[in-house]
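*Asks:* You'll find start.txt just under this line, and it carries compact mmCIF, C-alpha atoms.
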# COMPACT_ATOMS: atom_id res chain seq x y z
CA MET A 1 -21.35 32.07 -46.92
CA GLY A 2 -20.11 33.29 -43.57
CA ALA A 3 -17.36 35.52 -45.01
CA ARG A 4 -17.13 39.07 -43.72
CA ARG A 5 -17.41 41.29 -46.80
CA PHE A 6 -17.10 44.65 -45.02
CA GLY A 7 -13.49 44.66 -43.81
CA ARG A 8 -11.96 43.79 -40.47
CA ILE A 9 -14.41 46.01 -38.59
CA ASN A 10 -18.12 46.26 -39.29
CA TRP A 11 -18.31 50.02 -38.89
CA LEU A 12 -21.93 50.25 -40.02
CA GLY A 13 -23.04 47.54 -37.59
CA LEU A 14 -21.02 49.06 -34.76
CA TYR A 15 -22.48 52.50 -35.42
CA THR A 16 -25.99 51.06 -35.58
CA LEU A 17 -25.65 49.29 -32.23
CA ALA A 18 -24.14 52.36 -30.57
CA ALA A 19 -26.88 54.56 -32.05
CA ARG A 20 -29.56 52.16 -30.83
CA GLU A 21 -28.15 52.18 -27.30
CA THR A 22 -27.95 55.98 -27.34
CA ARG A 23 -31.44 56.53 -28.74
CA ARG A 24 -32.83 54.06 -26.24
CA PHE A 25 -32.02 56.31 -23.27
CA LEU A 26 -32.66 59.56 -25.14
CA ALA A 27 -36.22 58.41 -25.80
CA VAL A 28 -36.86 58.65 -22.05
CA TRP A 29 -34.62 61.63 -21.30
CA GLN A 30 -36.84 62.69 -18.41
CA GLN A 31 -35.74 59.56 -16.52
CA THR A 32 -32.19 59.20 -17.82
CA ILE A 33 -30.97 62.81 -18.05
CA ALA A 34 -33.30 65.10 -16.11
CA ALA A 35 -33.75 62.77 -13.12
CA PRO A 36 -29.99 62.56 -12.29
CA LEU A 37 -29.81 66.37 -12.39
CA VAL A 38 -32.73 66.65 -9.97
CA THR A 39 -31.23 63.97 -7.70
CA ALA A 40 -27.86 65.72 -7.65
CA GLY A 41 -29.56 69.02 -6.83
CA LEU A 42 -31.50 67.41 -3.99
CA PHE A 43 -28.32 65.90 -2.52
CA LEU A 44 -26.58 69.26 -2.60
CA ALA A 45 -29.60 71.10 -1.18
CA VAL A 46 -30.20 68.62 1.66
CA PHE A 47 -26.57 68.47 2.76
CA SER A 48 -26.22 72.23 2.42
CA LEU A 49 -29.27 72.86 4.60
CA ALA A 50 -28.45 70.14 7.11
CA LEU A 51 -24.70 70.63 7.49
CA GLY A 52 -23.67 73.62 5.44
CA ALA A 53 -24.15 76.17 8.20
CA THR A 54 -22.22 74.17 10.82
CA ARG A 55 -19.66 72.28 8.74
CA GLY A 56 -16.44 74.14 8.12
CA PRO A 57 -14.38 74.03 4.94
CA VAL A 58 -13.23 70.63 3.69
CA MET A 59 -9.95 70.46 1.76
CA GLY A 60 -9.94 74.25 1.89
CA VAL A 61 -13.26 74.66 0.08
CA PRO A 62 -16.88 75.03 1.28
CA PHE A 63 -18.60 71.74 2.08
CA VAL A 64 -21.08 72.09 -0.79
CA ALA A 65 -18.23 72.61 -3.26
CA PHE A 66 -16.52 69.53 -1.81
CA LEU A 67 -19.68 67.46 -2.37
CA ALA A 68 -20.34 68.51 -5.97
CA PRO A 69 -17.64 66.42 -7.75
CA GLY A 70 -18.49 63.28 -5.80
CA ILE A 71 -22.20 63.59 -6.52
CA LEU A 72 -21.43 64.21 -10.19
CA MET A 73 -19.29 61.08 -10.50
CA MET A 74 -21.77 59.01 -8.49
CA SER A 75 -24.50 59.98 -10.96
CA VAL A 76 -22.25 59.20 -13.93
CA ILE A 77 -21.28 55.71 -12.83
CA GLN A 78 -24.81 54.73 -11.82
CA ASN A 79 -26.20 55.80 -15.20
CA ALA A 80 -23.42 54.20 -17.26
CA PHE A 81 -23.95 50.93 -15.40
CA SER A 82 -27.72 51.07 -15.73
CA ASN A 83 -27.62 51.71 -19.48
CA THR A 84 -25.79 48.53 -20.48
CA ALA A 85 -27.19 46.30 -17.75
CA SER A 86 -30.83 47.19 -18.42
CA SER A 87 -30.36 46.87 -22.18
CA LEU A 88 -29.01 43.32 -21.97
CA VAL A 89 -31.47 42.12 -19.34
CA GLY A 90 -34.38 43.72 -21.18
CA ALA A 91 -33.39 41.91 -24.37
CA LYS A 92 -33.10 38.62 -22.49
CA VAL A 93 -36.43 39.04 -20.71
CA MET A 94 -38.27 39.96 -23.93
CA GLY A 95 -36.53 37.19 -25.85
CA ASN A 96 -35.03 39.41 -28.56
CA ILE A 97 -31.38 39.07 -27.53
CA VAL A 98 -31.00 36.98 -30.70
CA ASP A 99 -31.51 40.19 -32.71
CA THR A 100 -28.23 41.43 -31.27
CA LEU A 101 -26.32 38.15 -31.44
CA MET A 102 -27.29 37.14 -34.99
CA PRO A 103 -26.05 40.17 -37.01
CA PRO A 104 -22.46 40.03 -38.33
CA LEU A 105 -20.95 41.72 -35.29
CA SER A 106 -17.89 40.31 -33.57
CA PRO A 107 -17.77 40.08 -29.74
CA ALA A 108 -15.42 43.06 -29.67
CA GLU A 109 -17.85 45.09 -31.76
CA LEU A 110 -20.71 44.14 -29.45
CA VAL A 111 -18.71 45.23 -26.42
CA ALA A 112 -17.75 48.51 -28.09
CA GLY A 113 -21.32 49.23 -29.18
CA TYR A 114 -22.84 48.63 -25.77
CA ILE A 115 -20.09 50.58 -24.01
CA ALA A 116 -20.52 53.48 -26.44
CA GLY A 117 -24.14 53.82 -25.32
CA GLY A 118 -23.17 53.72 -21.64
CA VAL A 119 -20.39 56.27 -22.16
CA ALA A 120 -22.73 58.59 -24.07
CA ARG A 121 -25.22 58.50 -21.22
CA GLY A 122 -22.54 58.99 -18.56
CA LEU A 123 -20.94 61.94 -20.36
CA LEU A 124 -24.30 63.58 -21.08
CA VAL A 125 -25.30 63.29 -17.41
CA ALA A 126 -21.92 64.79 -16.43
CA VAL A 127 -22.35 67.75 -18.80
CA VAL A 128 -25.85 68.48 -17.52
CA ILE A 129 -24.76 68.36 -13.86
CA VAL A 130 -21.65 70.50 -14.51
CA ILE A 131 -23.78 73.15 -16.19
CA GLY A 132 -26.42 72.98 -13.46
CA THR A 133 -23.81 73.21 -10.70
CA GLY A 134 -22.05 76.08 -12.42
CA LEU A 135 -25.22 78.08 -12.90
CA ALA A 136 -26.58 77.39 -9.40
CA LEU A 137 -23.39 77.59 -7.33
CA GLY A 138 -20.96 79.38 -9.61
CA LEU A 139 -18.69 76.33 -9.34
CA TRP A 140 -16.85 75.32 -12.51
CA PRO A 141 -14.09 72.70 -13.00
CA VAL A 142 -10.57 74.06 -12.62
CA ASN A 143 -9.22 71.29 -14.85
CA PRO A 144 -12.02 70.33 -17.27
CA LEU A 145 -9.83 68.10 -19.45
CA TRP A 146 -8.86 65.96 -16.46
CA LEU A 147 -12.48 65.79 -15.34
CA LEU A 148 -13.47 64.69 -18.86
CA LEU A 149 -10.79 61.99 -18.86
CA VAL A 150 -11.80 60.61 -15.47
CA THR A 151 -15.49 60.71 -16.43
CA LEU A 152 -14.71 58.83 -19.64
CA VAL A 153 -12.73 56.13 -17.80
CA GLY A 154 -15.42 55.83 -15.14
CA SER A 155 -18.15 55.51 -17.75
CA VAL A 156 -16.24 52.78 -19.61
CA LEU A 157 -15.56 50.91 -16.36
CA MET A 158 -19.17 50.97 -15.21
CA ALA A 159 -20.61 50.30 -18.67
CA ALA A 160 -18.39 47.20 -18.91
CA LEU A 161 -19.48 46.18 -15.41
CA GLY A 162 -23.06 46.63 -16.62
CA ILE A 163 -22.40 44.20 -19.48
CA VAL A 164 -21.03 41.65 -17.02
CA ALA A 165 -24.03 42.10 -14.72
CA GLY A 166 -26.45 41.98 -17.65
CA ILE A 167 -24.97 38.70 -18.85
CA LEU A 168 -25.15 37.16 -15.38
CA ALA A 169 -28.70 38.34 -14.61
CA ASN A 170 -31.78 36.76 -16.12
CA LYS A 171 -34.36 39.22 -14.79
CA PHE A 172 -34.61 42.79 -13.58
CA ASP A 173 -34.80 41.75 -9.93
CA GLN A 174 -31.26 40.39 -10.14
CA ILE A 175 -29.99 43.63 -11.69
CA ALA A 176 -31.73 45.57 -8.92
CA ALA A 177 -29.96 43.37 -6.36
CA ILE A 178 -26.56 44.07 -7.94
CA THR A 179 -27.34 47.79 -7.99
CA ASN A 180 -28.57 47.89 -4.39
CA PHE A 181 -25.92 45.64 -2.83
CA VAL A 182 -22.86 46.36 -4.97
CA VAL A 183 -22.97 49.56 -7.02
CA THR A 184 -24.78 51.83 -4.54
CA PRO A 185 -22.72 50.82 -1.44
CA LEU A 186 -19.47 51.20 -3.37
CA SER A 187 -20.62 54.64 -4.52
CA PHE A 188 -21.62 55.87 -1.07
CA LEU A 189 -18.54 54.40 0.64
CA SER A 190 -16.06 55.92 -1.80
CA GLY A 191 -15.44 59.34 -0.29
CA THR A 192 -18.39 61.08 -1.91
CA PHE A 193 -19.48 62.74 1.34
CA TYR A 194 -16.24 62.68 3.37
CA THR A 195 -12.45 62.70 3.09
CA MET A 196 -10.20 59.77 3.85
CA GLU A 197 -8.77 61.72 6.79
CA ALA A 198 -12.14 61.39 8.55
CA LEU A 199 -11.92 57.58 8.55
CA PRO A 200 -10.15 55.30 11.02
CA PRO A 201 -7.04 53.56 9.63
CA LEU A 202 -8.80 50.24 8.89
CA MET A 203 -11.63 51.87 6.95
CA ARG A 204 -9.14 54.06 5.11
CA THR A 205 -7.26 50.96 3.97
CA ILE A 206 -10.48 49.26 2.86
CA SER A 207 -11.51 52.35 0.91
CA THR A 208 -8.33 52.23 -1.17
CA VAL A 209 -9.48 48.85 -2.55
CA ASN A 210 -12.69 50.43 -3.83
CA PRO A 211 -12.12 51.49 -7.49
CA ILE A 212 -14.96 54.02 -7.30
CA PHE A 213 -12.96 55.88 -4.64
CA TYR A 214 -10.35 56.69 -7.30
CA LEU A 215 -13.06 57.88 -9.71
CA ILE A 216 -14.58 60.17 -7.06
CA ASP A 217 -11.14 61.41 -6.06
CA GLY A 218 -10.16 61.99 -9.68
CA ALA A 219 -13.33 63.97 -10.31
CA ARG A 220 -12.61 66.07 -7.24
CA HIS A 221 -9.10 66.75 -8.55
CA GLY A 222 -10.53 67.86 -11.90
CA TYR A 223 -13.19 70.01 -10.26
CA LEU A 224 -11.31 71.53 -7.32
CA GLY A 225 -7.65 70.72 -7.90
CA ARG A 226 -7.60 68.76 -4.61
CA SER A 227 -7.56 65.03 -3.92
CA ASP A 228 -6.95 62.40 -1.24
CA SER A 229 -4.61 60.27 -3.37
CA ASP A 230 -2.32 60.49 -6.37
CA PRO A 231 -4.63 61.26 -9.34
CA LEU A 232 -2.34 59.54 -11.84
CA MET A 233 -2.24 56.36 -9.78
CA GLY A 234 -6.03 56.43 -9.47
CA LEU A 235 -6.41 56.88 -13.22
CA ALA A 236 -4.05 53.96 -13.86
CA VAL A 237 -5.91 51.67 -11.43
CA THR A 238 -9.34 52.44 -12.84
CA SER A 239 -8.09 52.14 -16.43
CA LEU A 240 -6.70 48.66 -15.74
CA ILE A 241 -9.95 47.57 -14.08
CA ALA A 242 -11.92 48.94 -17.04
CA LEU A 243 -9.73 46.96 -19.45
CA ALA A 244 -10.15 43.80 -17.38
CA LEU A 245 -13.96 44.17 -17.36
CA CYS A 246 -13.98 44.80 -21.11
CA ALA A 247 -11.89 41.66 -21.62
CA LEU A 248 -14.27 39.62 -19.44
CA SER A 249 -17.26 40.98 -21.38
CA TRP A 250 -15.55 40.04 -24.65
CA ILE A 251 -14.84 36.49 -23.45
CA TRP A 252 -18.40 35.92 -22.26
CA LEU A 253 -19.94 37.35 -25.43
CA LYS A 254 -17.61 35.24 -27.56
CA ARG A 255 -18.65 32.10 -25.71
CA GLY A 256 -22.30 33.09 -25.53
CA PHE A 257 -22.20 32.59 -21.78
CA ARG A 258 -25.77 32.76 -20.38
CA LEU A 259 -26.88 34.23 -23.70
CA LYS A 260 -27.13 31.24 -26.01
CA PRO A 261 -28.94 27.96 -25.24
When written as structure tokens, how does the structure in this file appear?

*Replies:*
Amino acid sequence: MGARRFGRINWLGLYTLAARETRRFLAVWQQTIAAPLVTAGLFLAVFSLALGATRGPVMGVPFVAFLAPGILMMSVIQNAFSNTASSLVGAKVMGNIVDTLMPPLSPAELVAGYIAGGVARGLLVAVVIVIGTGLALGLWPVNPLWLLLVTLVGSVLMAALGIVAGILANKFDQIAAITNFVVTPLSFLSGTFYTMEALPPLMRTISTVNPIFYLIDGARHGYLGRSDSDPLMGLAVTSLIALALCALSWIWLKRGFRLKP
């Protein structure tokens, strides 16, 4: 009794959890996939109509082209965060979190399964927006492999942050507060709509502490070949933060923090 009879890793259980998290958002694709595409299109249309005619090139490219990578990454991180956070809080609110904790899955397998769902949603949103932007504006990534790598790291980071937020929160109102007062401000104040050169020195220094700035900047490097900072340094910073959040999620799941009575 209690012995794991399926090897060091429960591949079937891990696949089942990841598949459940993926099918959960695919079941409502109109909200999880189509809505981010519409939102990204509205952002580009509004800024293009409001500023496109008067705003000159930014980083040597048209303003709309400058905006596209930032809006893409902003959509990716918001959706990756929402997938894991809403899944955990929904299970806690409905009282079926025990169905996830009772199966023979280790804390590391739980973290990997939840993050796999968040990454799948983030990457799918990215693919849809890239295709939509390419067809509408004729703008395609100049370095797609780098953009894929940054999108993957950003999705892991925000999916792990979603696990942390989902463990801390006991109801959807608390998740909404984290989204409105943490995730959204960090996204909007990360260089999505402006370059670091447009900021005063103090704000520029503060922005370099924001990890989402490096994700936005990395996406811009993959899309346009231009960036405000060293892309490799940004990738290293965000990768370390993602690992730290994964480790924190693993510790809390192992202890059953705010999950078990």

*Asks:* At what distance in Å, to one decimal, does atom CA of Val153 of chain A lie from atom CA of Leu110 of chain A?

*Replies:*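 Atom CA of Leu110 of chain A sits 18.5 Å away from atom CA of Val153 of chain A.
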
*Asks:* Between atom CA of Trp29 of chain A and atom CA of Ala176 of chain A, what distance in Å does the model show, to one decimal?

*Replies:*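 Calculated distance between atom CA of Trp29 of chain A and atom CA of Ala176 of chain A is 20.5 Å.
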
*Asks:* Excluding same-chain residues fewer than 2 positions from Tyr223 of chain A, what lies within 10 Å of it counting only C-alpha atoms, as a list in words?

*Replies:* Ala65, Phe66, Ala68, Pro69, Gly70, Val130, Leu139, Trp140, Pro141, Val142, Asn143, Pro144, Leu145, Trp146, Leu147, Asp217, Gly218, Ala219, Arg220, His221, Gly225, Arg226 and Ser227 of chain A

*Asks:* Find the residues near Met74 of chain A: any atom within 12 Å, counting all atoms listed in the file, skip ones fewer than 4 places away on the same chain, and give them as a count of residues only.

*Replies:* 40

*Asks:* In Å to one decimal, how far is atom CA of Phe63 of chain A from atom CA of Ser229 of chain A?

*Replies:*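 Atom CA of Phe63 of chain A lies 18.9 Å from atom CA of Ser229 of chain A.
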